[in-house]
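One file, structure.cif, is given below (mmCIF, C-alpha atoms; chains and numbers go by the auth columns).
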data_input
loop_
_atom_site.group_PDB
_atom_site.id
_atom_site.type_symbol
_atom_site.label_atom_id
_atom_site.label_comp_id
_atom_site.label_asym_id
_atom_site.label_seq_id
_atom_site.Cartn_x
_atom_site.Cartn_y
_atom_site.Cartn_z
_atom_site.B_iso_or_equiv
_atom_site.auth_seq_id
_atom_site.auth_asym_id
ATOM 1 C CA GLN A 1 0.000 0.000 0.000 0.00 1 A
ATOM 2 C CA PRO A 2 1.519 3.340 -0.993 0.00 2 A
ATOM 3 C CA LEU A 3 2.641 5.750 1.730 0.00 3 A
ATOM 4 C CA ARG A 4 0.455 8.764 2.325 0.00 4 A
ATOM 5 C CA HIS A 5 2.323 12.005 2.833 0.00 5 A
ATOM 6 C CA ARG A 6 1.143 15.027 4.735 0.00 6 A
ATOM 7 C CA HIS A 7 1.625 18.058 2.562 0.00 7 A
ATOM 8 C CA SER A 8 3.229 21.193 4.002 0.00 8 A
ATOM 9 C CA HIS A 9 2.776 24.777 2.980 0.00 9 A
ATOM 10 C CA PRO A 10 5.255 25.442 0.133 0.00 10 A
ATOM 11 C CA THR A 11 6.566 28.606 1.803 0.00 11 A
ATOM 12 C CA THR A 12 6.428 27.989 5.550 0.00 12 A
ATOM 13 C CA GLY A 13 6.829 24.209 5.553 0.00 13 A
ATOM 14 C CA VAL A 14 4.093 23.993 8.205 0.00 14 A
ATOM 15 C CA GLN A 15 1.449 21.300 7.856 0.00 15 A
ATOM 16 C CA PRO A 16 -2.037 22.791 7.264 0.00 16 A
ATOM 17 C CA ALA A 17 -3.609 21.395 10.465 0.00 17 A
ATOM 18 C CA LEU A 18 -0.703 22.646 12.564 0.00 18 A
ATOM 19 C CA SER A 19 -0.810 26.022 10.842 0.00 19 A
ATOM 20 C CA ARG A 20 -4.511 26.380 11.676 0.00 20 A
ATOM 21 C CA ALA A 21 -3.868 25.420 15.320 0.00 21 A
ATOM 22 C CA MET A 22 -1.057 27.967 15.594 0.00 22 A
ATOM 23 C CA SER A 23 -3.332 30.712 14.267 0.00 23 A
ATOM 24 C CA LEU A 24 -6.068 30.157 16.865 0.00 24 A
ATOM 25 C CA PRO A 25 -6.328 32.928 19.489 0.00 25 A
ATOM 26 C CA ARG A 26 -4.528 32.222 22.766 0.00 26 A
ATOM 27 C CA CYS A 27 -5.208 33.345 26.293 0.00 27 A
ATOM 28 C CA PRO A 28 -2.624 36.016 27.172 0.00 28 A
ATOM 29 C CA ARG A 29 -2.220 34.616 30.703 0.00 29 A
ATOM 30 C CA CYS A 30 -2.009 30.802 30.433 0.00 30 A
ATOM 31 C CA ARG A 31 -1.189 30.945 26.694 0.00 31 A
ATOM 32 C CA LEU A 32 -3.290 27.940 25.825 0.00 32 A
ATOM 33 C CA GLN A 33 -5.845 28.375 23.078 0.00 33 A
ATOM 34 C CA GLN A 34 -8.734 30.461 24.355 0.00 34 A
ATOM 35 C CA ARG A 35 -11.146 27.590 23.874 0.00 35 A
ATOM 36 C CA ASN A 36 -8.947 25.527 26.232 0.00 36 A
ATOM 37 C CA CYS A 37 -8.109 28.309 28.716 0.00 37 A
ATOM 38 C CA PHE A 38 -6.487 26.960 31.906 0.00 38 A
ATOM 39 C CA CYS A 39 -6.769 30.138 34.001 0.00 39 A
ATOM 40 C CA ALA A 40 -9.622 28.829 36.171 0.00 40 A
ATOM 41 C CA HIS A 41 -7.113 26.374 37.636 0.00 41 A
ATOM 42 C CA LEU A 42 -4.503 28.972 38.569 0.00 42 A
ATOM 43 C CA PRO A 43 -4.382 29.914 42.267 0.00 43 A
ATOM 44 C CA THR A 44 -6.043 33.175 43.221 0.00 44 A
ATOM 45 C CA PRO A 45 -4.448 34.906 45.048 0.00 45 A
ATOM 46 C CA PRO A 46 -0.931 33.576 44.326 0.00 46 A
ATOM 47 C CA LEU A 47 0.488 31.012 46.732 0.00 47 A
ATOM 48 C CA ALA A 48 3.104 32.187 49.231 0.00 48 A
ATOM 49 C CA MET A 49 6.699 31.016 48.965 0.00 49 A
ATOM 50 C CA PRO A 50 7.848 29.212 52.139 0.00 50 A
ATOM 51 C CA GLY A 51 9.608 31.166 54.856 0.00 51 A
ATOM 52 C CA GLY A 52 9.189 34.517 53.120 0.00 52 A
ATOM 53 C CA MET A 53 11.725 33.438 50.483 0.00 53 A
ATOM 54 C CA ASP A 54 11.724 35.445 47.238 0.00 54 A
ATOM 55 C CA LEU A 55 11.557 33.617 43.917 0.00 55 A
ATOM 56 C CA VAL A 56 13.484 35.044 40.954 0.00 56 A
ATOM 57 C CA ILE A 57 12.985 33.451 37.530 0.00 57 A
ATOM 58 C CA ILE A 58 15.230 34.473 34.639 0.00 58 A
ATOM 59 C CA LEU A 59 13.699 33.433 31.330 0.00 59 A
ATOM 60 C CA HIS A 60 15.710 33.057 28.170 0.00 60 A
ATOM 61 C CA TRP A 61 14.019 35.376 25.705 0.00 61 A
ATOM 62 C CA GLN A 62 13.034 32.467 23.455 0.00 62 A
ATOM 63 C CA GLU A 63 11.580 30.570 26.406 0.00 63 A
ATOM 64 C CA ALA A 64 9.501 33.604 27.319 0.00 64 A
ATOM 65 C CA ARG A 65 7.651 33.251 24.013 0.00 65 A
ATOM 66 C CA LYS A 66 6.757 29.576 24.414 0.00 66 A
ATOM 67 C CA PRO A 67 3.313 28.513 25.670 0.00 67 A
ATOM 68 C CA THR A 68 5.016 25.461 27.232 0.00 68 A
ATOM 69 C CA SER A 69 7.146 27.540 29.616 0.00 69 A
ATOM 70 C CA THR A 70 6.446 26.295 33.147 0.00 70 A
ATOM 71 C CA GLY A 71 8.765 29.001 34.492 0.00 71 A
ATOM 72 C CA SER A 72 6.366 31.661 33.221 0.00 72 A
ATOM 73 C CA LEU A 73 3.537 29.771 34.888 0.00 73 A
ATOM 74 C CA ALA A 74 5.427 29.605 38.204 0.00 74 A
ATOM 75 C CA GLY A 75 5.945 33.359 38.166 0.00 75 A
ATOM 76 C CA GLN A 76 2.179 33.854 37.970 0.00 76 A
ATOM 77 C CA VAL A 77 1.159 31.492 40.752 0.00 77 A
ATOM 78 C CA LEU A 78 3.801 32.190 43.443 0.00 78 A
ATOM 79 C CA ALA A 79 4.553 35.288 45.513 0.00 79 A
ATOM 80 C CA PRO A 80 6.758 37.078 46.072 0.00 80 A
ATOM 81 C CA SER A 81 8.238 36.413 42.655 0.00 81 A
ATOM 82 C CA THR A 82 10.088 38.334 39.969 0.00 82 A
ATOM 83 C CA VAL A 83 10.301 37.236 36.336 0.00 83 A
ATOM 84 C CA LEU A 84 13.047 38.710 34.152 0.00 84 A
ATOM 85 C CA ARG A 85 13.837 38.145 30.470 0.00 85 A
ATOM 86 C CA TYR A 86 17.369 37.745 29.221 0.00 86 A
ATOM 87 C CA GLY A 87 19.209 37.600 25.923 0.00 87 A
ATOM 88 C CA ALA A 88 16.954 39.226 23.341 0.00 88 A
ATOM 89 C CA ARG A 89 18.863 41.003 20.606 0.00 89 A
ATOM 90 C CA GLY A 90 18.804 44.741 21.113 0.00 90 A
ATOM 91 C CA GLU A 91 17.731 44.512 24.754 0.00 91 A
ATOM 92 C CA VAL A 92 20.202 45.748 27.354 0.00 92 A
ATOM 93 C CA TRP A 93 20.323 43.774 30.587 0.00 93 A
ATOM 94 C CA ASP A 94 19.668 45.974 33.611 0.00 94 A
ATOM 95 C CA PRO A 95 21.864 44.679 36.463 0.00 95 A
ATOM 96 C CA ASP A 96 19.862 46.720 38.968 0.00 96 A
ATOM 97 C CA ALA A 97 16.781 44.612 38.183 0.00 97 A
ATOM 98 C CA LEU A 98 18.391 41.575 39.812 0.00 98 A
ATOM 99 C CA ASP A 99 18.914 41.776 43.568 0.00 99 A
ATOM 100 C CA LEU A 100 21.252 38.926 44.530 0.00 100 A
ATOM 101 C CA ASP A 101 21.607 39.767 48.215 0.00 101 A
ATOM 102 C CA GLY A 102 21.335 36.479 50.100 0.00 102 A
ATOM 103 C CA ALA A 103 20.511 34.589 46.890 0.00 103 A
ATOM 104 C CA ALA A 104 21.275 31.025 45.812 0.00 104 A
ATOM 105 C CA LEU A 105 21.036 29.549 42.326 0.00 105 A
ATOM 106 C CA LEU A 106 18.937 26.389 41.995 0.00 106 A
ATOM 107 C CA PHE A 107 20.926 24.569 39.340 0.00 107 A
ATOM 108 C CA PRO A 108 22.788 21.250 39.074 0.00 108 A
ATOM 109 C CA GLY A 109 26.452 21.338 39.998 0.00 109 A
ATOM 110 C CA THR A 110 29.388 20.824 37.660 0.00 110 A
ATOM 111 C CA PRO A 111 32.982 19.796 38.443 0.00 111 A
ATOM 112 C CA ASP A 112 34.063 23.431 38.503 0.00 112 A
ATOM 113 C CA ARG A 113 30.845 24.747 40.092 0.00 113 A
ATOM 114 C CA PRO A 114 29.622 22.157 42.634 0.00 114 A
ATOM 115 C CA ALA A 115 26.170 22.388 44.177 0.00 115 A
ATOM 116 C CA THR A 116 25.106 21.515 47.698 0.00 116 A
ATOM 117 C CA PRO A 117 21.699 20.052 48.585 0.00 117 A
ATOM 118 C CA LEU A 118 19.130 22.680 49.477 0.00 118 A
ATOM 119 C CA ASP A 119 19.148 22.919 53.268 0.00 119 A
ATOM 120 C CA PRO A 120 16.013 24.049 55.162 0.00 120 A
ATOM 121 C CA ALA A 121 18.229 24.943 58.135 0.00 121 A
ATOM 122 C CA ARG A 122 19.998 27.532 55.968 0.00 122 A
ATOM 123 C CA PRO A 123 17.355 28.900 53.611 0.00 123 A
ATOM 124 C CA PRO A 124 18.432 31.405 50.965 0.00 124 A
ATOM 125 C CA ARG A 125 16.800 34.792 51.067 0.00 125 A
ATOM 126 C CA ARG A 126 16.187 34.549 47.332 0.00 126 A
ATOM 127 C CA LEU A 127 15.964 31.455 45.150 0.00 127 A
ATOM 128 C CA VAL A 128 17.120 32.145 41.589 0.00 128 A
ATOM 129 C CA ILE A 129 16.016 29.910 38.691 0.00 129 A
ATOM 130 C CA VAL A 130 17.100 30.091 35.048 0.00 130 A
ATOM 131 C CA ASP A 131 14.530 28.824 32.563 0.00 131 A
ATOM 132 C CA GLY A 132 15.168 27.663 29.019 0.00 132 A
ATOM 133 C CA THR A 133 16.442 24.632 27.172 0.00 133 A
ATOM 134 C CA TRP A 134 19.369 22.928 28.878 0.00 134 A
ATOM 135 C CA PRO A 135 21.971 24.665 26.635 0.00 135 A
ATOM 136 C CA GLN A 136 20.245 28.034 27.106 0.00 136 A
ATOM 137 C CA ALA A 137 20.004 27.645 30.879 0.00 137 A
ATOM 138 C CA SER A 138 23.637 26.542 31.146 0.00 138 A
ATOM 139 C CA ARG A 139 24.810 29.565 29.187 0.00 139 A
ATOM 140 C CA MET A 140 22.720 31.918 31.301 0.00 140 A
ATOM 141 C CA THR A 141 24.389 30.695 34.500 0.00 141 A
ATOM 142 C CA ARG A 142 27.677 31.921 33.014 0.00 142 A
ATOM 143 C CA ARG A 143 26.535 35.028 31.191 0.00 143 A
ATOM 144 C CA VAL A 144 23.939 36.713 33.399 0.00 144 A
ATOM 145 C CA PRO A 145 25.972 39.112 35.546 0.00 145 A
ATOM 146 C CA GLY A 146 26.326 37.898 39.115 0.00 146 A
ATOM 147 C CA LEU A 147 25.036 34.343 38.692 0.00 147 A
ATOM 148 C CA VAL A 148 28.455 32.732 38.370 0.00 148 A
ATOM 149 C CA ASP A 149 29.334 33.962 41.861 0.00 149 A
ATOM 150 C CA LEU A 150 26.190 32.656 43.559 0.00 150 A
ATOM 151 C CA PRO A 151 26.250 29.500 45.672 0.00 151 A
ATOM 152 C CA ARG A 152 24.529 26.660 43.858 0.00 152 A
ATOM 153 C CA VAL A 153 21.915 24.481 45.494 0.00 153 A
ATOM 154 C CA SER A 154 20.292 21.331 44.156 0.00 154 A
ATOM 155 C CA ILE A 155 17.428 18.955 44.933 0.00 155 A
ATOM 156 C CA ASP A 156 18.828 15.694 46.241 0.00 156 A
ATOM 157 C CA ARG A 157 16.111 13.346 44.993 0.00 157 A
ATOM 158 C CA PRO A 158 15.292 11.568 41.720 0.00 158 A
ATOM 159 C CA ALA A 159 12.969 13.168 39.214 0.00 159 A
ATOM 160 C CA ARG A 160 9.386 11.923 39.017 0.00 160 A
ATOM 161 C CA ASP A 161 8.392 9.541 36.254 0.00 161 A
ATOM 162 C CA VAL A 162 5.553 11.583 34.753 0.00 162 A
ATOM 163 C CA PRO A 163 4.604 12.951 31.327 0.00 163 A
ATOM 164 C CA ARG A 164 6.171 16.303 30.512 0.00 164 A
ATOM 165 C CA LEU A 165 5.887 18.792 27.686 0.00 165 A
ATOM 166 C CA ARG A 166 9.491 18.224 26.618 0.00 166 A
ATOM 167 C CA LYS A 167 11.708 15.189 26.655 0.00 167 A
ATOM 168 C CA PRO A 168 14.182 15.452 29.570 0.00 168 A
ATOM 169 C CA HIS A 169 17.815 15.603 28.480 0.00 169 A
ATOM 170 C CA ALA A 170 18.875 13.444 31.454 0.00 170 A
ATOM 171 C CA PRO A 171 17.151 11.021 33.879 0.00 171 A
ATOM 172 C CA TRP A 172 17.397 13.526 36.728 0.00 172 A
ATOM 173 C CA ALA A 173 16.027 16.449 34.707 0.00 173 A
ATOM 174 C CA ARG A 174 12.680 18.014 35.572 0.00 174 A
ATOM 175 C CA SER A 175 10.673 21.035 34.447 0.00 175 A
ATOM 176 C CA THR A 176 11.196 24.435 36.039 0.00 176 A
ATOM 177 C CA LEU A 177 7.856 24.330 37.867 0.00 177 A
ATOM 178 C CA GLU A 178 8.637 20.857 39.213 0.00 178 A
ATOM 179 C CA ALA A 179 12.034 22.015 40.481 0.00 179 A
ATOM 180 C CA ILE A 180 10.449 24.991 42.247 0.00 180 A
ATOM 181 C CA ALA A 181 7.730 22.768 43.738 0.00 181 A
ATOM 182 C CA GLU A 182 10.236 20.277 45.091 0.00 182 A
ATOM 183 C CA ALA A 183 12.392 23.079 46.459 0.00 183 A
ATOM 184 C CA CYS A 184 9.358 24.336 48.385 0.00 184 A
ATOM 185 C CA GLY A 185 8.891 20.838 49.794 0.00 185 A
ATOM 186 C CA VAL A 186 12.504 20.648 50.900 0.00 186 A
ATOM 187 C CA MET A 187 12.139 24.058 52.541 0.00 187 A
ATOM 188 C CA GLY A 188 9.373 22.731 54.750 0.00 188 A
ATOM 189 C CA ASP A 189 6.116 23.175 52.827 0.00 189 A
ATOM 190 C CA PRO A 190 5.064 19.750 51.466 0.00 190 A
ATOM 191 C CA ASP A 191 1.486 20.946 50.934 0.00 191 A
ATOM 192 C CA LEU A 192 2.683 23.690 48.588 0.00 192 A
ATOM 193 C CA GLU A 193 4.903 21.179 46.811 0.00 193 A
ATOM 194 C CA SER A 194 1.945 18.859 46.281 0.00 194 A
ATOM 195 C CA ARG A 195 -0.272 21.633 44.944 0.00 195 A
ATOM 196 C CA LEU A 196 2.365 22.902 42.536 0.00 196 A
ATOM 197 C CA LEU A 197 3.100 19.415 41.242 0.00 197 A
ATOM 198 C CA ARG A 198 -0.620 18.858 40.720 0.00 198 A
ATOM 199 C CA LEU A 199 -0.814 22.174 38.870 0.00 199 A
ATOM 200 C CA HIS A 200 2.140 21.122 36.708 0.00 200 A
ATOM 201 C CA ASP A 201 0.583 17.767 35.866 0.00 201 A
ATOM 202 C CA ASP A 202 -2.790 19.290 35.040 0.00 202 A
ATOM 203 C CA PHE A 203 -1.155 21.924 32.842 0.00 203 A
ATOM 204 C CA VAL A 204 0.784 19.215 31.013 0.00 204 A
ATOM 205 C CA PHE A 205 -2.434 17.234 30.562 0.00 205 A
ATOM 206 C CA ALA A 206 -4.304 20.282 29.257 0.00 206 A
ATOM 207 C CA THR A 207 -1.523 21.144 26.806 0.00 207 A
ATOM 208 C CA ARG A 208 -1.147 17.581 25.563 0.00 208 A
ATOM 209 C CA THR A 209 -4.922 17.254 25.239 0.00 209 A
ATOM 210 C CA GLN A 210 -4.948 20.421 23.153 0.00 210 A
ATOM 211 C CA ARG A 211 -2.365 18.754 20.914 0.00 211 A
ATOM 212 C CA GLY A 212 -4.460 15.599 20.714 0.00 212 A
ATOM 213 C CA ILE A 213 -1.887 13.340 22.391 0.00 213 A
ATOM 214 C CA ALA A 214 -3.175 12.910 25.951 0.00 214 A
ATOM 215 C CA ALA A 215 -6.229 10.749 25.435 0.00 215 A
ATOM 216 C CA GLY A 216 -6.730 8.431 28.376 0.00 216 A
ATOM 217 C CA GLU A 217 -3.812 9.843 30.341 0.00 217 A
ATOM 218 C CA ARG A 218 -4.550 10.338 34.019 0.00 218 A
ATOM 219 C CA LEU A 219 -1.950 11.131 36.644 0.00 219 A
ATOM 220 C CA HIS A 220 -4.094 11.469 39.768 0.00 220 A
ATOM 221 C CA ALA A 221 -6.151 8.298 39.945 0.00 221 A
ATOM 222 C CA SER A 222 -8.167 9.444 42.970 0.00 222 A
ATOM 223 C CA ASP A 223 -9.018 12.834 41.482 0.00 223 A
ATOM 224 C CA PRO A 224 -11.407 13.879 38.728 0.00 224 A
ATOM 225 C CA LEU A 225 -9.820 14.311 35.350 0.00 225 A
ATOM 226 C CA PRO A 226 -7.966 17.627 34.998 0.00 226 A
ATOM 227 C CA LEU A 227 -10.065 20.550 33.796 0.00 227 A
ATOM 228 C CA THR A 228 -13.220 19.071 35.371 0.00 228 A
ATOM 229 C CA GLY A 229 -12.610 19.886 39.040 0.00 229 A
ATOM 230 C CA PRO A 230 -13.015 23.196 40.893 0.00 230 A
ATOM 231 C CA PRO A 231 -10.495 26.007 40.440 0.00 231 A
ATOM 232 C CA LEU A 232 -7.304 25.724 42.484 0.00 232 A
ATOM 233 C CA THR A 233 -7.640 28.536 45.009 0.00 233 A
ATOM 234 C CA GLU A 234 -5.684 29.300 48.141 0.00 234 A
ATOM 235 C CA SER A 235 -8.501 28.033 50.325 0.00 235 A
ATOM 236 C CA SER A 236 -8.981 24.765 48.424 0.00 236 A
#

As structure tokens, the full file:
Amino acid sequence: QPLRHRHSHPTTGVQPALSRAMSLPRCPRCRLQQRNCFCAHLPTPPLAMPGGMDLVIILHWQEARKPTSTGSLAGQVLAPSTVLRYGARGEVWDPDALDLDGAALLFPGTPDRPATPLDPARPPRRLVIVDGTWPQASRMTRRVPGLVDLPRVSIDRPARDVPRLRKPHAPWARSTLEAIAEACGVMGDPDLESRLLRLHDDFVFATRTQRGIAAGERLHASDPLPLTGPPLTESS
């Protein structure tokens, strides 16, 4: 039987169905298609970081444009938090926008820059996260002024075996929102960790469902399917 080929647009190279999906209006907050808006599941008001710790997320400029960015999502649902964009051509980085007093960088260690496990007995005043692909994030730790001098902290536990929006580059890799959630658990707030991980999994489900690849997938067997339960609020 002859193979059937999907034809792409002669100029853009994008398949027609994908092109139509990309042109559908998106929610400016959750960035899913408006017909699949996820905002009812975002906490209102934002959830408090444990111990008064500040969260600082530095997004690679390309990551900031992606609807799959869980770092962008984390910046919306946690407080206090600051989200900064880095690396866009023509944009000048403002060093005064990044307060690194008492900060630690949540990032895996390397032979020349070792990391210590996050210690709840010695919490950082600010937890800094870089968000992007692995190559982008690695470069940002070297190029964003001040980050190379920060102490590095890591999460000393294996990554969960769950569906994600991108294929992990290593067995220990996890999404930005997962890393922040687990850091909150280590810092003494397991309830916040659980809620953020649930939010991550539901967001992944919603995004994969929008793409047509999540049929039958269910991460929380005791819960209703994502997008059918009540909104995730601070009192829930």

Would you tabulate, counting only C-alpha atoms, all residues of segment 53-112 of chain A that have an atom at most 12 Å from an atom of segment 163-168 of chain A, showing the closest pair of atoms and their distance in Å to one decimal, sorted by chain then ascending number, as JSON lines?
{"residue": "A:Lys66", "atom": "CA", "partner": "A:Leu165", "partner_atom": "CA", "distance": 11.3}
{"residue": "A:Pro67", "atom": "CA", "partner": "A:Leu165", "partner_atom": "CA", "distance": 10.3}
{"residue": "A:Thr68", "atom": "CA", "partner": "A:Leu165", "partner_atom": "CA", "distance": 6.7}
{"residue": "A:Ser69", "atom": "CA", "partner": "A:Leu165", "partner_atom": "CA", "distance": 9.0}
{"residue": "A:Thr70", "atom": "CA", "partner": "A:Leu165", "partner_atom": "CA", "distance": 9.3}

- Item | All residues 12 Å or closer to Leu118 of chain A, all atoms listed in the file, same chain fewer than 2 positions away omitted, as a list of chain:residue names | A:Ala104, A:Leu105, A:Leu106, A:Phe107, A:Pro108, A:Ala115, A:Thr116, A:Pro120, A:Ala121, A:Arg122, A:Pro123, A:Pro124, A:Leu127, A:Pro151, A:Arg152, A:Val153, A:Ser154, A:Ile155, A:Asp156, A:Arg157, A:Ala179, A:Ile180, A:Glu182, A:Ala183, A:Cys184, A:Gly185, A:Val186, A:Met187, A:Gly188

- Item | Evaluate the PyMOL selection byres ((chain A and resi 192-194) around 12) and report residues as number ranges by chain | A: 43, 46-51, 77-78, 177-191, 195-201, 220, 232-234, 236

- Message: Give me, as number ranges by chain, all polymer residues having an atom no more than 9 Å from Val144 of chain A, counting all atoms listed in the file and skipping those fewer than 2 positions away in the same chain.
- Response: A: 86-87, 93, 95, 139-142, 146-148

- Carefully work through the PyMOL selection byres ((chain A and resi 58) around 12) for this structure and note down the residues it includes, as an MDAnalysis selection string. chainID A and resid 55:57 59:64 69 71:72 74:75 81:87 93 97:98 105:106 127:132 136:137 140:141 143:145 147 176

- In Å, rounded to a single decimal, give me how far atom CA of Asp202 of chain A is from atom CA of Arg26 of chain A.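 Value for the atom CA of Arg26 of chain A-atom CA of Asp202 of chain A distance: 17.9 Å.
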
- Which value, in Å to one decimal, gives the distance between atom CA of Leu73 of chain A and atom CA of Cys30 of chain A? 7.2 Å

- Mind giving me the straight-line distance from atom CA of Arg31 of chain A to atom CA of Val92 of chain A in Å, one decimal? 26.0 Å

- Of the candidates A:Arg125, A:Phe203, A:Asp96, A:Arg89, which one gets nearest to Cys39 of chain A if we count only C-alpha atoms?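 Using only C-alpha atoms, Cys39 of chain A sits closest to A:Phe203.
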
- When distances are computed from all atoms listed in the file, which of A:Thr110, A:Gln210, A:Thr133, A:Thr44 shows the smallest separation from Ala173 of chain A?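 Checking each of A:Thr110, A:Gln210, A:Thr133, A:Thr44 against Ala173 of chain A, counting all atoms listed in the file, the winner is A:Thr133.
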
- Message: I'd like to know which of A:Asn36, A:Pro28, A:Gly90, A:Asp54 is closest to Phe205 of chain A, using all atoms listed in the file.
- Response: A:Asn36

- Message: Using all atoms listed in the file, can you tell me which of A:Arg35, A:Leu150, A:Pro117, A:Val204 comes closest to Leu100 of chain A?
- Response: A:Leu150

Put a box with edges along x, y and z around all the listed atoms of segment 153-170 of chain A, pad it by 4 Å on each side, then give me its centre and sizes in Å, one decimal, as lines of an AutoDock Vina configuration file.
center_x = 13.3
center_y = 17.0
center_z = 36.4
size_x = 25.3
size_y = 22.9
size_z = 27.6

Slice of the block: segment 30-51 of chain A, N, CA and C atoms, as a PDB file, in the first residue's frame:
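For reference, out_14.pdb as written:
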ATOM      1  N   CYS A  30      -2.499  32.185  30.423  1.00  0.00           N
ATOM      2  CA  CYS A  30      -2.009  30.802  30.433  1.00  0.00           C
ATOM      3  C   CYS A  30      -1.398  30.395  29.105  1.00  0.00           C
ATOM      4  N   ARG A  31      -1.726  31.119  28.046  1.00  0.00           N
ATOM      5  CA  ARG A  31      -1.189  30.945  26.694  1.00  0.00           C
ATOM      6  C   ARG A  31      -1.627  29.657  26.016  1.00  0.00           C
ATOM      7  N   LEU A  32      -2.619  28.987  26.581  1.00  0.00           N
ATOM      8  CA  LEU A  32      -3.290  27.940  25.825  1.00  0.00           C
ATOM      9  C   LEU A  32      -4.305  28.598  24.896  1.00  0.00           C
ATOM     10  N   GLN A  33      -4.818  27.829  23.947  1.00  0.00           N
ATOM     11  CA  GLN A  33      -5.845  28.375  23.078  1.00  0.00           C
ATOM     12  C   GLN A  33      -7.030  28.814  23.932  1.00  0.00           C
ATOM     13  N   GLN A  34      -7.661  29.898  23.536  1.00  0.00           N
ATOM     14  CA  GLN A  34      -8.734  30.461  24.355  1.00  0.00           C
ATOM     15  C   GLN A  34      -9.851  29.455  24.614  1.00  0.00           C
ATOM     16  N   ARG A  35     -10.092  28.583  23.679  1.00  0.00           N
ATOM     17  CA  ARG A  35     -11.146  27.590  23.874  1.00  0.00           C
ATOM     18  C   ARG A  35     -10.748  26.550  24.918  1.00  0.00           C
ATOM     19  N   ASN A  36      -9.445  26.471  25.235  1.00  0.00           N
ATOM     20  CA  ASN A  36      -8.947  25.527  26.232  1.00  0.00           C
ATOM     21  C   ASN A  36      -8.310  26.256  27.418  1.00  0.00           C
ATOM     22  N   CYS A  37      -8.741  27.485  27.687  1.00  0.00           N
ATOM     23  CA  CYS A  37      -8.109  28.309  28.716  1.00  0.00           C
ATOM     24  C   CYS A  37      -8.002  27.568  30.046  1.00  0.00           C
ATOM     25  N   PHE A  38      -6.818  27.671  30.671  1.00  0.00           N
ATOM     26  CA  PHE A  38      -6.487  26.960  31.906  1.00  0.00           C
ATOM     27  C   PHE A  38      -6.557  27.875  33.132  1.00  0.00           C
ATOM     28  N   CYS A  39      -6.892  29.145  32.936  1.00  0.00           N
ATOM     29  CA  CYS A  39      -6.769  30.138  34.001  1.00  0.00           C
ATOM     30  C   CYS A  39      -7.639  29.836  35.214  1.00  0.00           C
ATOM     31  N   ALA A  40      -8.764  29.145  35.031  1.00  0.00           N
ATOM     32  CA  ALA A  40      -9.622  28.829  36.171  1.00  0.00           C
ATOM     33  C   ALA A  40      -8.929  27.924  37.168  1.00  0.00           C
ATOM     34  N   HIS A  41      -7.842  27.281  36.760  1.00  0.00           N
ATOM     35  CA  HIS A  41      -7.113  26.374  37.636  1.00  0.00           C
ATOM     36  C   HIS A  41      -5.894  27.037  38.278  1.00  0.00           C
ATOM     37  N   LEU A  42      -5.642  28.276  37.970  1.00  0.00           N
ATOM     38  CA  LEU A  42      -4.503  28.972  38.569  1.00  0.00           C
ATOM     39  C   LEU A  42      -4.908  29.549  39.916  1.00  0.00           C
ATOM     40  N   PRO A  43      -4.029  29.451  40.924  1.00  0.00           N
ATOM     41  CA  PRO A  43      -4.382  29.914  42.267  1.00  0.00           C
ATOM     42  C   PRO A  43      -4.650  31.410  42.319  1.00  0.00           C
ATOM     43  N   THR A  44      -5.689  31.779  43.018  1.00  0.00           N
ATOM     44  CA  THR A  44      -6.043  33.175  43.221  1.00  0.00           C
ATOM     45  C   THR A  44      -6.421  33.368  44.680  1.00  0.00           C
ATOM     46  N   PRO A  45      -5.667  34.188  45.435  1.00  0.00           N
ATOM     47  CA  PRO A  45      -4.448  34.906  45.048  1.00  0.00           C
ATOM     48  C   PRO A  45      -3.276  33.953  44.913  1.00  0.00           C
ATOM     49  N   PRO A  46      -2.098  34.452  44.456  1.00  0.00           N
ATOM     50  CA  PRO A  46      -0.931  33.576  44.326  1.00  0.00           C
ATOM     51  C   PRO A  46      -0.554  32.927  45.648  1.00  0.00           C
ATOM     52  N   LEU A  47       0.055  31.759  45.561  1.00  0.00           N
ATOM     53  CA  LEU A  47       0.488  31.012  46.732  1.00  0.00           C
ATOM     54  C   LEU A  47       1.792  31.591  47.277  1.00  0.00           C
ATOM     55  N   ALA A  48       1.947  31.570  48.583  1.00  0.00           N
ATOM     56  CA  ALA A  48       3.104  32.187  49.231  1.00  0.00           C
ATOM     57  C   ALA A  48       4.298  31.245  49.224  1.00  0.00           C
ATOM     58  N   MET A  49       5.454  31.774  48.865  1.00  0.00           N
ATOM     59  CA  MET A  49       6.699  31.016  48.965  1.00  0.00           C
ATOM     60  C   MET A  49       6.991  30.711  50.433  1.00  0.00           C
ATOM     61  N   PRO A  50       7.604  29.573  50.741  1.00  0.00           N
ATOM     62  CA  PRO A  50       7.848  29.212  52.139  1.00  0.00           C
ATOM     63  C   PRO A  50       8.881  30.118  52.798  1.00  0.00           C
ATOM     64  N   GLY A  51       8.638  30.422  54.067  1.00  0.00           N
ATOM     65  CA  GLY A  51       9.608  31.166  54.856  1.00  0.00           C
ATOM     66  C   GLY A  51       9.880  32.574  54.390  1.00  0.00           C
TER      67      GLY A  51
END
